[in-house]
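Participant: The structure that follows is given in the form of structure tokens.
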Amino acid sequence: MLSMESSLPIRVTASGDPVPAERLAEILADPGFGRYFTDHMFTAEWTPERGWHEARITPYGPLVLDPATAVLHYAQEIFEGMKAYRHADGSIWTFRPEENAARMVRSARRLALPVLPVEDFVASVDATVRVDQRWVPEPAGEKSLYLRPFMFASESFLGVRPAQHVTYMVICSPAGAYFARGVHPVSLWLSETYTRAGRGGMGAAKTGGNYASSLVAQQEAIEEGCDQVVFLDSAEGRYVEELGGMNLYFVQADGTVVTPKTSGTILEGITRSSIIELCGKLGHPVEERAVDIDEWRDGVSSGRIAEVFACGTAAVVTPVGTLRWRGGEVGDGTTTGPVTQQVRTALVDIQYGRAEDTFGWMHRVV
Ligand code: PLP
Ligand code: COI
């Protein structure tokens, strides 16, 4: 839990033109994912001389950027994804925000960006959610307010070196189900053409470039009739890594739950690490280890692997129905397995305050 208070003063300028209540009700009835943005945004600046300064919450609106702004050329950028949940009593909570803050520190180090202290990250998110609290949907239908903190090289300069002016922002977007079909098994396309990350690369950082590089592979997945792409390791093209925006879990028939180990090439998902702890509590042994793609294919065919699911902030816990590759397919794709369902329910019940938070994961904002 948080031990220090933020010392970053935040100036708030309220919007003179907030979205009217009736329009907001329409948006929150069917928010989709990433389509609508709240009335305000958080911004802070960094320079080597002044450190973090000029923290402010202002009306949401476009940025004016010089065409030479470094991020537009060299992609020196990182971001986070997290959610605010409304509980039945009206209170508003975030889930393990200090873990997102710590991951942003790790991403910043990898991208040669300045470190935003954990307490300033949490304070920025809390302040933004408080100002836009009417945008946090009622919990029915597992809706939430998706929060997107991000940091980018805002110096105008075409030389290749770490920027000397960096901007950090938080924007918020009400969210329903990430997949248009709701909780429904998804199909995965095994990319044998593209990889996501290599040894010494940026795979463990949450940086835009990783997503840019995944898009053509995701496009291939869609062309092959699948929902998402799954990547293998770049060295041997043999070990399962993760999806474009989610980690993976395998439930063996013997009850053991297996997830690919993190070794610098996959994103250390906060949902992933929470599920490791939840499985311990639910009595499922967990193994973090290398998973060979043939273990997956053969395991589903033989019944040794009983369930596969993907997890992440946006996708929560999503069953994987089918794995397809050039020349083959496994999985019947229609049902959500009992362990997947149990893990999903245990997680969302904590997030929405329906179950006791024995891990101390929830952070009250309002
Ligand atoms: N892997 C990638 C590439 C992601 O973008 C995400 C989403 O943030 C995850 C995994 C899951 O991480 P988390 O559970 O922290 O949202
Ligand atoms: C998240 O789960 O927060 C992500 O950033 C994933 C992205 C695909 C929306």
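Chain identifiers are assigned as A, B, and so on, following the order in which chains appear in the structure tokens; residues are numbered from 1 within each chain, and ligands are numbered from 1 in order of appearance.
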Just want the 10 Å neighbourhood of A:Arg35, counted on only C-alpha atoms, with same-chain residues fewer than 6 positions away dropped. Output as a PyMOL selection string.
Facilitator: chain A and resi 27+173-175
Participant: Would you put the residues from that selection into a file with N, CA, C and O atoms, as a PDB file, in the first residue's frame?
Facilitator:
```
ATOM      1  N   ILE A  27     -24.400   7.703 -23.030  1.00  0.00           N
ATOM      2  CA  ILE A  27     -23.048   7.153 -23.235  1.00  0.00           C
ATOM      3  C   ILE A  27     -22.796   6.008 -22.262  1.00  0.00           C
ATOM      4  O   ILE A  27     -22.309   4.937 -22.649  1.00  0.00           O
ATOM      5  N   SER A 173     -11.962   7.044 -19.977  1.00  0.00           N
ATOM      6  CA  SER A 173     -12.950   6.652 -20.975  1.00  0.00           C
ATOM      7  C   SER A 173     -13.866   5.567 -20.392  1.00  0.00           C
ATOM      8  O   SER A 173     -13.374   4.515 -19.984  1.00  0.00           O
ATOM      9  N   PRO A 174     -15.170   5.822 -20.337  1.00  0.00           N
ATOM     10  CA  PRO A 174     -16.051   4.795 -19.780  1.00  0.00           C
ATOM     11  C   PRO A 174     -16.001   3.529 -20.627  1.00  0.00           C
ATOM     12  O   PRO A 174     -15.907   3.605 -21.854  1.00  0.00           O
ATOM     13  N   ALA A 175     -16.057   2.373 -19.965  1.00  0.00           N
ATOM     14  CA  ALA A 175     -15.835   1.106 -20.676  1.00  0.00           C
ATOM     15  C   ALA A 175     -16.884   0.067 -20.317  1.00  0.00           C
ATOM     16  O   ALA A 175     -17.230  -0.128 -19.150  1.00  0.00           O
TER      17      ALA A 175
END
```
Participant: May I ask you to write as a list in words all residues lying at most 9 Å from ligand 2, with only C-alpha atoms and all ligand atoms counted?
Facilitator: Phe33, Gly34, Phe79, Glu80, Gly81, Met82, Lys83, Tyr146, Leu147, Arg148, Tyr178, Lys206, Tyr211, Gly244, Gly245, Met246, Gly269, Thr271, Cys311, Gly312, Thr313, Ala314, Ala315 and Val316 of chain A
Participant: Under the rule that only C-alpha atoms and all ligand atoms are counted, which of A:His53, A:Arg196, A:Arg130, A:Arg110 is the nearest residue to ligand 1?
Facilitator: A:Arg196
Participant: Per residue of stretch 59-125 of chain A within 8 Å of stretch 140-145 of chain A, what are the shortest atom pair and its distance in Å to one decimal, counting only C-alpha atoms, with rows by chain and residue number, as JSON lines?
Facilitator:
```
{"residue": "A:Lys83", "atom": "CA", "partner": "A:Leu145", "partner_atom": "CA", "distance": 5.4}
{"residue": "A:Ala84", "atom": "CA", "partner": "A:Leu145", "partner_atom": "CA", "distance": 5.0}
{"residue": "A:Tyr85", "atom": "CA", "partner": "A:Ser144", "partner_atom": "CA", "distance": 5.1}
{"residue": "A:Arg86", "atom": "CA", "partner": "A:Ser144", "partner_atom": "CA", "distance": 7.1}
```
Participant: Would you mind listing what lies within 10 Å of A:Ala108 as a list in words, with only C-alpha atoms counted and same-chain residues fewer than 4 positions away left out?
Facilitator: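 Returned residues: Gln76, Glu77, Ile78, Phe79, Ala102, Arg103, Met104, Ala112, Leu113, Pro114, Val115, Leu116, Met151, Phe152, Ala205, Lys206 and Thr207 of chain A.
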Participant: Report as a list in words all protein, DNA and RNA residues lying within 12 Å of A:Glu26, evaluated on only C-alpha atoms, omitting residues in the same chain fewer than 5 positions from it.
Facilitator: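 Listed by chain and then number, they are Val19, Pro20, Ala21, Pro31, Gly32, Tyr36, Trp135, Pro137 and Pro174 of chain A.
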Participant: Dump as a Markdown table the rows for residues of stretch 176-259 of chain A within 10 Å of stretch 318-341 of chain A: closest atom pair and distance in Å with one decimal, only C-alpha atoms counted, ordered by chain and rising residue number.
Facilitator:
```
| residue | atom | partner | partner_atom | distance |
| --- | --- | --- | --- | --- |
| A:Tyr178 | CA | A:Thr318 | CA | 9.8 |
| A:Phe179 | CA | A:Thr318 | CA | 9.1 |
| A:Gly182 | CA | A:Thr318 | CA | 9.1 |
| A:Val183 | CA | A:Thr318 | CA | 6.4 |
| A:His184 | CA | A:Pro319 | CA | 6.7 |
| A:Pro185 | CA | A:Pro319 | CA | 4.6 |
| A:Val186 | CA | A:Val320 | CA | 4.9 |
| A:Ser187 | CA | A:Thr322 | CA | 4.6 |
| A:Leu188 | CA | A:Leu323 | CA | 4.9 |
| A:Trp189 | CA | A:Arg324 | CA | 5.1 |
| A:Leu190 | CA | A:Trp325 | CA | 5.1 |
| A:Ser191 | CA | A:Trp325 | CA | 7.4 |
| A:Glu192 | CA | A:Trp325 | CA | 8.1 |
| A:Ala221 | CA | A:Arg324 | CA | 9.2 |
| A:Glu224 | CA | A:Arg324 | CA | 8.5 |
| A:Gly225 | CA | A:Arg324 | CA | 9.2 |
| A:Cys226 | CA | A:Arg324 | CA | 7.8 |
| A:Asp227 | CA | A:Thr322 | CA | 9.8 |
| A:Gln228 | CA | A:Val320 | CA | 9.8 |
| A:Val229 | CA | A:Leu323 | CA | 9.5 |
| A:Val230 | CA | A:Leu323 | CA | 8.9 |
| A:Met246 | CA | A:Thr318 | CA | 9.4 |
| A:Leu248 | CA | A:Val320 | CA | 9.1 |
| A:Tyr249 | CA | A:Thr340 | CA | 9.1 |
| A:Phe250 | CA | A:Thr340 | CA | 9.4 |
| A:Val251 | CA | A:Val339 | CA | 7.4 |
| A:Gly255 | CA | A:Val339 | CA | 8.6 |
| A:Val257 | CA | A:Val339 | CA | 9.1 |
```
Participant: Find the spatial neighbours of A:Tyr60, counting only C-alpha atoms, within a cut-off of 8 Å - ignore same-chain residues fewer than 6 positions away - and output them as a PDB file with N, CA, C and O atoms, in the first residue's frame.
Facilitator:
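Result file part_20.pdb:
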```pdb
ATOM      1  N   SER A  15     -14.329  22.348 -16.402  1.00  0.00           N
ATOM      2  CA  SER A  15     -14.870  22.568 -17.739  1.00  0.00           C
ATOM      3  C   SER A  15     -16.111  23.450 -17.657  1.00  0.00           C
ATOM      4  O   SER A  15     -16.982  23.246 -16.805  1.00  0.00           O
ATOM      5  N   PHE A  37     -14.689  10.150 -24.116  1.00  0.00           N
ATOM      6  CA  PHE A  37     -13.743  10.636 -23.118  1.00  0.00           C
ATOM      7  C   PHE A  37     -14.427  11.614 -22.183  1.00  0.00           C
ATOM      8  O   PHE A  37     -15.410  12.264 -22.551  1.00  0.00           O
ATOM      9  N   THR A  38     -13.912  11.664 -20.958  1.00  0.00           N
ATOM     10  CA  THR A  38     -14.587  12.436 -19.912  1.00  0.00           C
ATOM     11  C   THR A  38     -14.373  13.940 -20.134  1.00  0.00           C
ATOM     12  O   THR A  38     -13.735  14.359 -21.094  1.00  0.00           O
ATOM     13  N   ASP A  39     -14.873  14.744 -19.206  1.00  0.00           N
ATOM     14  CA  ASP A  39     -14.838  16.199 -19.379  1.00  0.00           C
ATOM     15  C   ASP A  39     -13.458  16.810 -19.124  1.00  0.00           C
ATOM     16  O   ASP A  39     -13.220  17.951 -19.497  1.00  0.00           O
ATOM     17  N   HIS A  40     -12.579  16.074 -18.445  1.00  0.00           N
ATOM     18  CA  HIS A  40     -11.299  16.658 -18.034  1.00  0.00           C
ATOM     19  C   HIS A  40     -10.124  15.742 -18.363  1.00  0.00           C
ATOM     20  O   HIS A  40     -10.310  14.566 -18.650  1.00  0.00           O
ATOM     21  N   MET A  41      -8.933  16.319 -18.269  1.00  0.00           N
ATOM     22  CA  MET A  41      -7.701  15.533 -18.422  1.00  0.00           C
ATOM     23  C   MET A  41      -6.636  16.112 -17.494  1.00  0.00           C
ATOM     24  O   MET A  41      -6.692  17.284 -17.119  1.00  0.00           O
TER      25      MET A  41
END
```
Participant: Using DSSP on the backbone coordinates, identify the residues of stretch 139-198 of chain A assigned to strand (DSSP E); present them as a PyMOL selection string.
Facilitator: chain A and resi 144-153+166-175+186-190
Participant: Distance atom CA of A:His73-atom CA of A:Ser156, one decimal place?
Facilitator: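 Distance between the two atoms: 10.2 Å.
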Participant: Within 9 Å of A:Gly200, counting only C-alpha atoms, which residues show up once you throw out same-chain ones fewer than 2 positions away? Write them as an NGL selection string, please.
Facilitator: :A and (197-198 or 202-203 or 264-265)
Participant: With C-alpha atoms retained, could you export that selection as a PDB file, in the first residue's frame?
Facilitator:
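Output (selection.pdb):
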```pdb
ATOM      1  CA  ALA A 197       9.713  -8.744 -28.701  1.00  0.00           C
ATOM      2  CA  GLY A 198      13.257 -10.065 -28.561  1.00  0.00           C
ATOM      3  CA  MET A 202      11.069  -3.549 -25.165  1.00  0.00           C
ATOM      4  CA  GLY A 203       8.679  -6.471 -24.609  1.00  0.00           C
ATOM      5  CA  GLY A 264      11.789  -9.593 -20.311  1.00  0.00           C
ATOM      6  CA  THR A 265       9.861 -10.262 -23.512  1.00  0.00           C
TER       7      THR A 265
END
```
Participant: Would you mind telling me which residue in A:Ala346, A:Leu243, A:Met169, A:Val258 lies nearest to A:Leu278 when using only C-alpha atoms?
Facilitator: A:Ala346
Participant: Could you pull the residues within 8 Å of A:Val343, counting only C-alpha atoms, minus those fewer than 6 positions along the same chain, as a PyMOL selection string?
Facilitator: chain A and resi 275+278-279+317
Participant: For the residues in the current selection, export all heavy atoms as a short mmCIF file (atom, residue, chain, number, x, y, z; two decimals), in the first residue's frame.
Facilitator:
```
data_model
loop_
_atom_site.label_atom_id
_atom_site.label_comp_id
_atom_site.auth_asym_id
_atom_site.auth_seq_id
_atom_site.Cartn_x
_atom_site.Cartn_y
_atom_site.Cartn_z
N ILE A 275 -3.93 -13.04 -10.56
CA ILE A 275 -4.52 -14.38 -10.74
C ILE A 275 -3.62 -15.45 -10.10
O ILE A 275 -4.11 -16.43 -9.54
CB ILE A 275 -4.81 -14.66 -12.23
CG1 ILE A 275 -5.99 -13.78 -12.68
CG2 ILE A 275 -5.08 -16.14 -12.50
CD1 ILE A 275 -6.28 -13.83 -14.17
N LEU A 278 -4.68 -15.27 -6.60
CA LEU A 278 -6.05 -15.77 -6.43
C LEU A 278 -6.08 -17.30 -6.52
O LEU A 278 -6.79 -17.95 -5.76
CB LEU A 278 -6.96 -15.21 -7.53
CG LEU A 278 -7.59 -13.85 -7.29
CD1 LEU A 278 -8.38 -13.45 -8.54
CD2 LEU A 278 -8.50 -13.88 -6.07
N CYS A 279 -5.31 -17.86 -7.48
CA CYS A 279 -5.30 -19.31 -7.65
C CYS A 279 -4.78 -19.99 -6.39
O CYS A 279 -5.30 -21.03 -5.98
CB CYS A 279 -4.45 -19.72 -8.86
SG CYS A 279 -5.31 -19.50 -10.41
N VAL A 317 -10.98 -11.41 -17.71
CA VAL A 317 -10.61 -12.81 -17.93
C VAL A 317 -11.50 -13.29 -19.07
O VAL A 317 -12.72 -13.25 -18.96
CB VAL A 317 -10.83 -13.66 -16.66
CG1 VAL A 317 -10.66 -15.15 -16.97
CG2 VAL A 317 -9.86 -13.23 -15.56
#
```
Participant: For the atom pair atom CA of A:Ala310 and atom CA of A:Asn247, what is the interatomic distance in Å to one decimal place?
Facilitator: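 It comes out at 5.5 Å.
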Participant: Report, in Å with one decimal, the straight-line distance from atom CA of A:Glu98 to atom CA of A:Glu5.
Facilitator: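 Computed distance, atom CA of A:Glu98 to atom CA of A:Glu5, equals 12.4 Å.
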Participant: With distances taken over only C-alpha atoms and all ligand atoms, which of A:Val216, A:Ala101, A:Ala127, A:Ala180 is nearest to ligand 1?
Facilitator: A:Ala101
Participant: Hey, which of A:Ala204, A:Leu24, A:Val286, A:Met362 ends up closest to ligand 1? Count only C-alpha atoms and all ligand atoms.
Facilitator: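 Closest to ligand 1 of all the choices is A:Ala204.
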